[in-house]
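Q: Below is run34.txt; it holds compact mmCIF, N, CA and C atoms.
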# COMPACT_ATOMS: atom_id res chain seq x y z
N MET A 1 -44.97 -14.64 9.57
CA MET A 1 -44.11 -15.40 10.46
C MET A 1 -43.68 -16.73 9.83
N LEU A 2 -44.46 -17.22 8.88
CA LEU A 2 -44.15 -18.48 8.22
C LEU A 2 -42.84 -18.37 7.44
N PHE A 3 -42.68 -17.28 6.67
CA PHE A 3 -41.45 -17.10 5.90
C PHE A 3 -40.25 -16.92 6.82
N PHE A 4 -40.43 -16.18 7.90
CA PHE A 4 -39.34 -15.96 8.85
C PHE A 4 -38.85 -17.29 9.41
N SER A 5 -39.77 -18.16 9.81
CA SER A 5 -39.40 -19.48 10.34
C SER A 5 -38.68 -20.32 9.29
N TYR A 6 -39.14 -20.25 8.06
CA TYR A 6 -38.52 -21.01 6.97
C TYR A 6 -37.08 -20.55 6.76
N PHE A 7 -36.86 -19.24 6.69
CA PHE A 7 -35.52 -18.74 6.46
C PHE A 7 -34.61 -18.97 7.67
N LYS A 8 -35.14 -18.94 8.87
CA LYS A 8 -34.33 -19.23 10.06
C LYS A 8 -33.81 -20.67 10.00
N ASP A 9 -34.59 -21.58 9.41
CA ASP A 9 -34.14 -22.96 9.25
C ASP A 9 -33.00 -23.09 8.25
N LEU A 10 -32.87 -22.12 7.35
CA LEU A 10 -31.82 -22.16 6.33
C LEU A 10 -30.51 -21.51 6.78
N VAL A 11 -30.47 -20.93 7.96
CA VAL A 11 -29.24 -20.28 8.45
C VAL A 11 -28.12 -21.31 8.50
N GLY A 12 -26.97 -20.92 7.94
CA GLY A 12 -25.82 -21.80 7.88
C GLY A 12 -25.72 -22.60 6.59
N ARG A 13 -26.76 -22.55 5.76
CA ARG A 13 -26.75 -23.27 4.49
C ARG A 13 -26.44 -22.32 3.35
N GLU A 14 -25.95 -22.88 2.26
CA GLU A 14 -25.68 -22.07 1.08
C GLU A 14 -26.98 -21.81 0.33
N VAL A 15 -27.19 -20.54 -0.02
CA VAL A 15 -28.40 -20.14 -0.75
C VAL A 15 -28.00 -19.28 -1.94
N THR A 16 -28.88 -19.20 -2.90
CA THR A 16 -28.73 -18.30 -4.04
C THR A 16 -29.84 -17.28 -3.97
N VAL A 17 -29.48 -16.00 -4.04
CA VAL A 17 -30.45 -14.91 -4.00
C VAL A 17 -30.44 -14.25 -5.37
N GLU A 18 -31.59 -14.25 -6.01
CA GLU A 18 -31.74 -13.56 -7.28
C GLU A 18 -32.37 -12.21 -6.99
N LEU A 19 -31.63 -11.15 -7.33
CA LEU A 19 -32.12 -9.80 -7.10
C LEU A 19 -33.06 -9.39 -8.22
N LYS A 20 -33.82 -8.33 -7.99
CA LYS A 20 -34.79 -7.88 -8.98
C LYS A 20 -34.12 -7.33 -10.23
N ASN A 21 -32.82 -7.03 -10.18
CA ASN A 21 -32.12 -6.54 -11.37
C ASN A 21 -31.42 -7.68 -12.11
N ASP A 22 -31.81 -8.93 -11.84
CA ASP A 22 -31.31 -10.15 -12.48
C ASP A 22 -29.91 -10.56 -12.04
N LEU A 23 -29.34 -9.91 -11.06
CA LEU A 23 -28.05 -10.32 -10.50
C LEU A 23 -28.31 -11.45 -9.51
N ALA A 24 -27.58 -12.54 -9.62
CA ALA A 24 -27.73 -13.67 -8.70
C ALA A 24 -26.48 -13.76 -7.84
N ILE A 25 -26.67 -13.84 -6.53
CA ILE A 25 -25.58 -13.91 -5.57
C ILE A 25 -25.72 -15.20 -4.77
N ARG A 26 -24.64 -15.95 -4.63
CA ARG A 26 -24.64 -17.19 -3.85
C ARG A 26 -23.75 -17.00 -2.63
N GLY A 27 -24.21 -17.50 -1.49
CA GLY A 27 -23.43 -17.41 -0.27
C GLY A 27 -24.07 -18.17 0.86
N THR A 28 -23.44 -18.12 2.01
CA THR A 28 -23.95 -18.79 3.20
C THR A 28 -24.86 -17.84 3.95
N LEU A 29 -26.07 -18.29 4.23
CA LEU A 29 -27.03 -17.46 4.96
C LEU A 29 -26.56 -17.34 6.41
N HIS A 30 -26.23 -16.12 6.81
CA HIS A 30 -25.72 -15.87 8.16
C HIS A 30 -26.86 -15.55 9.12
N SER A 31 -27.79 -14.69 8.68
CA SER A 31 -28.89 -14.33 9.57
C SER A 31 -30.05 -13.77 8.75
N VAL A 32 -31.21 -13.75 9.38
CA VAL A 32 -32.41 -13.16 8.81
C VAL A 32 -33.17 -12.51 9.96
N ASP A 33 -33.75 -11.33 9.71
CA ASP A 33 -34.51 -10.68 10.78
C ASP A 33 -36.01 -10.78 10.51
N GLN A 34 -36.81 -10.23 11.42
CA GLN A 34 -38.26 -10.36 11.32
C GLN A 34 -38.83 -9.61 10.11
N TYR A 35 -38.03 -8.70 9.52
CA TYR A 35 -38.46 -7.97 8.32
C TYR A 35 -38.00 -8.68 7.04
N LEU A 36 -37.39 -9.85 7.19
CA LEU A 36 -36.87 -10.68 6.10
C LEU A 36 -35.68 -10.06 5.38
N ASN A 37 -34.96 -9.16 6.05
CA ASN A 37 -33.67 -8.72 5.55
C ASN A 37 -32.70 -9.85 5.83
N ILE A 38 -31.81 -10.13 4.89
CA ILE A 38 -30.91 -11.26 5.06
C ILE A 38 -29.46 -10.82 4.99
N LYS A 39 -28.61 -11.57 5.67
CA LYS A 39 -27.18 -11.32 5.64
C LYS A 39 -26.50 -12.58 5.13
N LEU A 40 -25.67 -12.41 4.10
CA LEU A 40 -24.92 -13.52 3.51
C LEU A 40 -23.44 -13.35 3.79
N GLU A 41 -22.75 -14.46 3.95
CA GLU A 41 -21.29 -14.47 4.09
C GLU A 41 -20.71 -15.32 2.97
N ASN A 42 -19.43 -15.11 2.68
CA ASN A 42 -18.72 -15.87 1.63
C ASN A 42 -19.50 -15.80 0.32
N THR A 43 -19.89 -14.60 -0.05
CA THR A 43 -20.72 -14.43 -1.23
C THR A 43 -19.90 -14.33 -2.51
N ARG A 44 -20.55 -14.68 -3.59
CA ARG A 44 -19.95 -14.54 -4.91
C ARG A 44 -21.09 -14.40 -5.93
N VAL A 45 -20.78 -13.76 -7.01
CA VAL A 45 -21.74 -13.59 -8.09
C VAL A 45 -21.82 -14.89 -8.87
N VAL A 46 -23.02 -15.33 -9.19
CA VAL A 46 -23.20 -16.61 -9.88
C VAL A 46 -22.66 -16.53 -11.31
N ASP A 47 -22.97 -15.47 -12.05
CA ASP A 47 -22.53 -15.33 -13.44
C ASP A 47 -21.38 -14.33 -13.51
N GLN A 48 -20.16 -14.79 -13.24
CA GLN A 48 -19.00 -13.91 -13.22
C GLN A 48 -18.70 -13.32 -14.59
N ASP A 49 -19.04 -14.02 -15.67
CA ASP A 49 -18.78 -13.50 -17.02
C ASP A 49 -19.64 -12.27 -17.31
N LYS A 50 -20.85 -12.27 -16.81
CA LYS A 50 -21.77 -11.16 -17.04
C LYS A 50 -21.46 -9.97 -16.14
N TYR A 51 -20.97 -10.24 -14.92
CA TYR A 51 -20.68 -9.19 -13.94
C TYR A 51 -19.25 -9.33 -13.43
N PRO A 52 -18.22 -9.11 -14.27
CA PRO A 52 -16.84 -9.31 -13.83
C PRO A 52 -16.37 -8.29 -12.79
N HIS A 53 -17.03 -7.14 -12.72
CA HIS A 53 -16.63 -6.08 -11.80
C HIS A 53 -17.16 -6.28 -10.38
N MET A 54 -18.05 -7.23 -10.18
CA MET A 54 -18.66 -7.45 -8.87
C MET A 54 -17.83 -8.40 -8.03
N THR A 55 -17.28 -7.88 -6.94
CA THR A 55 -16.59 -8.73 -5.96
C THR A 55 -17.19 -8.41 -4.60
N ILE A 56 -17.76 -9.42 -3.97
CA ILE A 56 -18.49 -9.25 -2.73
C ILE A 56 -17.99 -10.29 -1.74
N SER A 57 -17.77 -9.89 -0.49
CA SER A 57 -17.39 -10.88 0.51
C SER A 57 -18.48 -11.07 1.55
N GLU A 58 -19.22 -10.02 1.85
CA GLU A 58 -20.30 -10.09 2.82
C GLU A 58 -21.39 -9.15 2.35
N GLU A 59 -22.62 -9.56 2.46
CA GLU A 59 -23.70 -8.77 1.88
C GLU A 59 -24.91 -8.75 2.81
N LEU A 60 -25.48 -7.56 3.01
CA LEU A 60 -26.73 -7.40 3.73
C LEU A 60 -27.77 -6.96 2.71
N LEU A 61 -28.81 -7.75 2.52
CA LEU A 61 -29.79 -7.49 1.48
C LEU A 61 -31.15 -7.16 2.09
N HIS A 62 -31.73 -6.08 1.64
CA HIS A 62 -33.08 -5.71 2.07
C HIS A 62 -34.08 -6.50 1.23
N LYS A 63 -35.16 -6.91 1.84
CA LYS A 63 -36.12 -7.79 1.16
C LYS A 63 -36.72 -7.15 -0.09
N ARG A 64 -36.76 -5.82 -0.19
CA ARG A 64 -37.34 -5.18 -1.37
C ARG A 64 -36.53 -5.40 -2.63
N ILE A 65 -35.22 -5.68 -2.51
CA ILE A 65 -34.41 -5.88 -3.70
C ILE A 65 -34.28 -7.35 -4.07
N CYS A 66 -34.78 -8.24 -3.24
CA CYS A 66 -34.69 -9.68 -3.50
C CYS A 66 -35.90 -10.15 -4.31
N GLY A 67 -35.63 -10.91 -5.34
CA GLY A 67 -36.71 -11.48 -6.13
C GLY A 67 -37.02 -12.90 -5.69
N GLU A 68 -35.98 -13.71 -5.53
CA GLU A 68 -36.17 -15.12 -5.17
C GLU A 68 -34.97 -15.60 -4.38
N ILE A 69 -35.22 -16.49 -3.43
CA ILE A 69 -34.16 -17.10 -2.62
C ILE A 69 -34.32 -18.60 -2.72
N CYS A 70 -33.25 -19.29 -3.13
CA CYS A 70 -33.29 -20.73 -3.29
C CYS A 70 -32.17 -21.37 -2.48
N ALA A 71 -32.49 -22.41 -1.74
CA ALA A 71 -31.47 -23.18 -1.02
C ALA A 71 -30.78 -24.09 -2.01
N THR A 72 -29.62 -24.58 -1.63
CA THR A 72 -28.84 -25.46 -2.50
C THR A 72 -29.61 -26.70 -2.90
N SER A 73 -30.48 -27.18 -2.03
CA SER A 73 -31.24 -28.39 -2.32
C SER A 73 -32.42 -28.11 -3.25
N SER A 74 -32.41 -26.94 -3.87
CA SER A 74 -33.42 -26.49 -4.84
C SER A 74 -34.78 -26.21 -4.21
N ARG A 75 -34.86 -26.20 -2.87
CA ARG A 75 -36.08 -25.71 -2.24
C ARG A 75 -36.05 -24.19 -2.39
N GLY A 76 -37.14 -23.58 -2.66
CA GLY A 76 -37.12 -22.15 -2.87
C GLY A 76 -38.37 -21.49 -2.31
N SER A 77 -38.27 -20.20 -2.12
CA SER A 77 -39.41 -19.45 -1.66
C SER A 77 -39.33 -18.07 -2.31
N ARG A 78 -40.46 -17.51 -2.60
CA ARG A 78 -40.49 -16.22 -3.25
C ARG A 78 -41.31 -15.28 -2.38
N TYR A 79 -40.79 -14.06 -2.18
CA TYR A 79 -41.57 -13.06 -1.44
C TYR A 79 -41.46 -11.72 -2.07
Using C-alpha cells, write down the structure from this file.

A:
Amino acid sequence: MLFFSYFKDLVGREVTVELKNDLAIRGTLHSVDQYLNIKLENTRVVDQDKYPHMTISEELLHKRICGEICATSSRGSRY
C-alpha cells in the first residue's frame, strides 16, 4: 500500500518510466491502480535516436514490464 500511495501522489506530474528492455518513456502520470499498473498520457520516447520507430500518445503499462519510475524532481522508486 505504501507504493500505491506514493504513486497516487504523483498523478498529474511528469514521470519517466524505464522499462525492463531499456526503453525509457516520459509522460504525464494519469492514473495508477492497486496492482501498480500505470497509465501515462502525452508520452514520448526519451531516446528518439535509438528508437525512431516508436511513436506513443497514450500508454498503459503493467508493473511487470516496468523497471524504474522517476518523477521529474528526480525522486524515484523501484518495484

Q: One decimal, in Å: what's the spacing between CA of Leu61 in chain A and CA of Asn37 in chain A?

A: 5.8 Å

Q: Would you mind telling me which residue in A:Ser5, A:Asn21, A:Ser31, A:Thr16 lies nearest to Cys70 in chain A when using only C-alpha atoms?

A: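 That would be A:Thr16, the residue with the smallest distance to Cys70 in chain A.
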
Q: Work out how far apart atom C of His30 in chain A and CA of Thr43 in chain A are and give it in Å to one decimal.

A: 12.1 Å

Q: Point out the residue among A:Lys20, A:Phe4, A:Glu14, A:Pro52 with the least atom-to-atom distance to Tyr35 in chain A, counting only N, CA and C atoms.

A: A:Phe4

Q: Suppose you want the space between atom C of Gly27 in chain A and atom C of Leu2 in chain A; what is it in Å?

A: 19.9 Å

Q: Between A:Val46, A:Met54, A:Ala71, A:Asp9, which one has atoms that come closest to Leu23 in chain A, using all atoms listed in the file?

A: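 Looking at the shortest contact to Leu23 in chain A, the residue is A:Val46.
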
Q: Go ahead and find all residues with at least one atom no further than 10 Å from (-26.0, -14.6, -6.5) in the file's coordinates, using only C-alpha atoms; report them as a PyMOL selection string.

A: chain A and resi 15-19+22-27+43-48+56+69

Q: Counting all atoms listed in the file, which of A:Lys50, A:Asp33, A:Cys66, A:Thr28 gets nearest to Lys8 in chain A?

A: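 Residue with the minimum atom-to-atom distance to Lys8 in chain A: A:Asp33.
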